[in-house]
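Some notes on the structure that comes next.
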Amino acid sequence: QVQLVESGGGLVQAGGSLRLSCAASGRTFRTKVMGWFRQAPGKAREFVAAISWDGGQIRYLDSVKGRFTISRDNRENTVLVYLQMSSLKPEDTAVYYCVADPTSGSVGNTLPTSYRSWGQGTQVTVSS
């Protein structure tokens with residue numbers, strides 16, 4: 001069964017750091033683009049970052065460039081995807097979702113409807 005499970009969210013002060021983790025069970029994810037979206041209260045889901053299967057291609061939302069870093073670890077039956085977040089701002093407050101397998105197979109796809117697999121989300125709250 002396809003499953004993405006996020007962890008690592010929490011409450012942090014502005015300027016602080018958090019690392020989100022996503023565990024994707026199943027060998028199929030080893031060859032898939034994976035990434036992160038977020039959704040703030042009252043706002044639409046927003047693309048944050050994506051990484052190709054081998055880590056060779058990465059894309060970020062402009063507002064997180066230089067502050068967030070996406071990485072992945074392809075293991076035998078599990079793929080781990082990380083989002084290291086630094087210099088956090090109150091506007092980064094949102095539920096963060098791990099995603100996988102965009103229909104285009106590309107890190108360039110930033111539409112939430114294009115991703116086939118989603119985690120349940122983890123809350124990140126940045127206080128001012």
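Letters for chains follow the order of the structure tokens (A, B, ...), residue numbers begin at 1 for each chain, and ligand numbers begin at 1 in the order shown.
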
Selection near A:Ser52, 8 Å with only C-alpha atoms, sequence-local residues under 5 positions removed, as a PDB file with C-alpha atoms, in the first residue's frame:
```
ATOM      1  CA  LYS A  32       9.702   9.073  -8.587  1.00  0.00           C
ATOM      2  CA  VAL A  33       9.932  12.807  -8.141  1.00  0.00           C
ATOM      3  CA  MET A  34       9.052  13.713  -4.586  1.00  0.00           C
ATOM      4  CA  GLN A  57      17.125  18.151 -10.307  1.00  0.00           C
ATOM      5  CA  ILE A  58      15.611  20.344  -7.626  1.00  0.00           C
ATOM      6  CA  SER A 106       9.176  16.405 -13.635  1.00  0.00           C
ATOM      7  CA  VAL A 107      10.239  18.654 -10.768  1.00  0.00           C
TER       8      VAL A 107
END
```

**Message:** Report as a ChimeraX atom specification all protein, DNA and RNA residues lying within 7 Å of A:Ser25, evaluated on only C-alpha atoms, omitting residues in the same chain fewer than 5 positions from it.
**Reply:** /A:2-4,77-79

**Message:** I'd like the neighbourhood of stretch 114-116 of chain A as a PyMOL selection string, where a residue qualifies if any of its atoms comes within 8 Å (using only C-alpha atoms), though same-chain residues fewer than 3 positions away should be ignored.
**Reply:** chain A and resi 99-104+109-111

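You can rank A:Ala40, A:Cys22, A:Val64, A:Ile70 by their closest distance to A:Leu88 using only C-alpha atoms, and at the top of that list sits A:Val64.
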
**Request:** Can you list, as number ranges by chain, all residues belonging to stretch 11-114 of chain A that DSSP tags as strand (DSSP E)?
**Result:** A: 11-13, 18-25, 34-39, 46-51, 58-60, 68-74, 78-85, 94-102

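The interatomic distance for the pair atom CA of A:Asn74 and atom CA of A:Asp92 works out to 27.3 Å.
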
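Closest approach to A:Gln39 among A:Gln84, A:Gln13, A:Ser71, A:Thr93 is made by A:Thr93 (distances from only C-alpha atoms).
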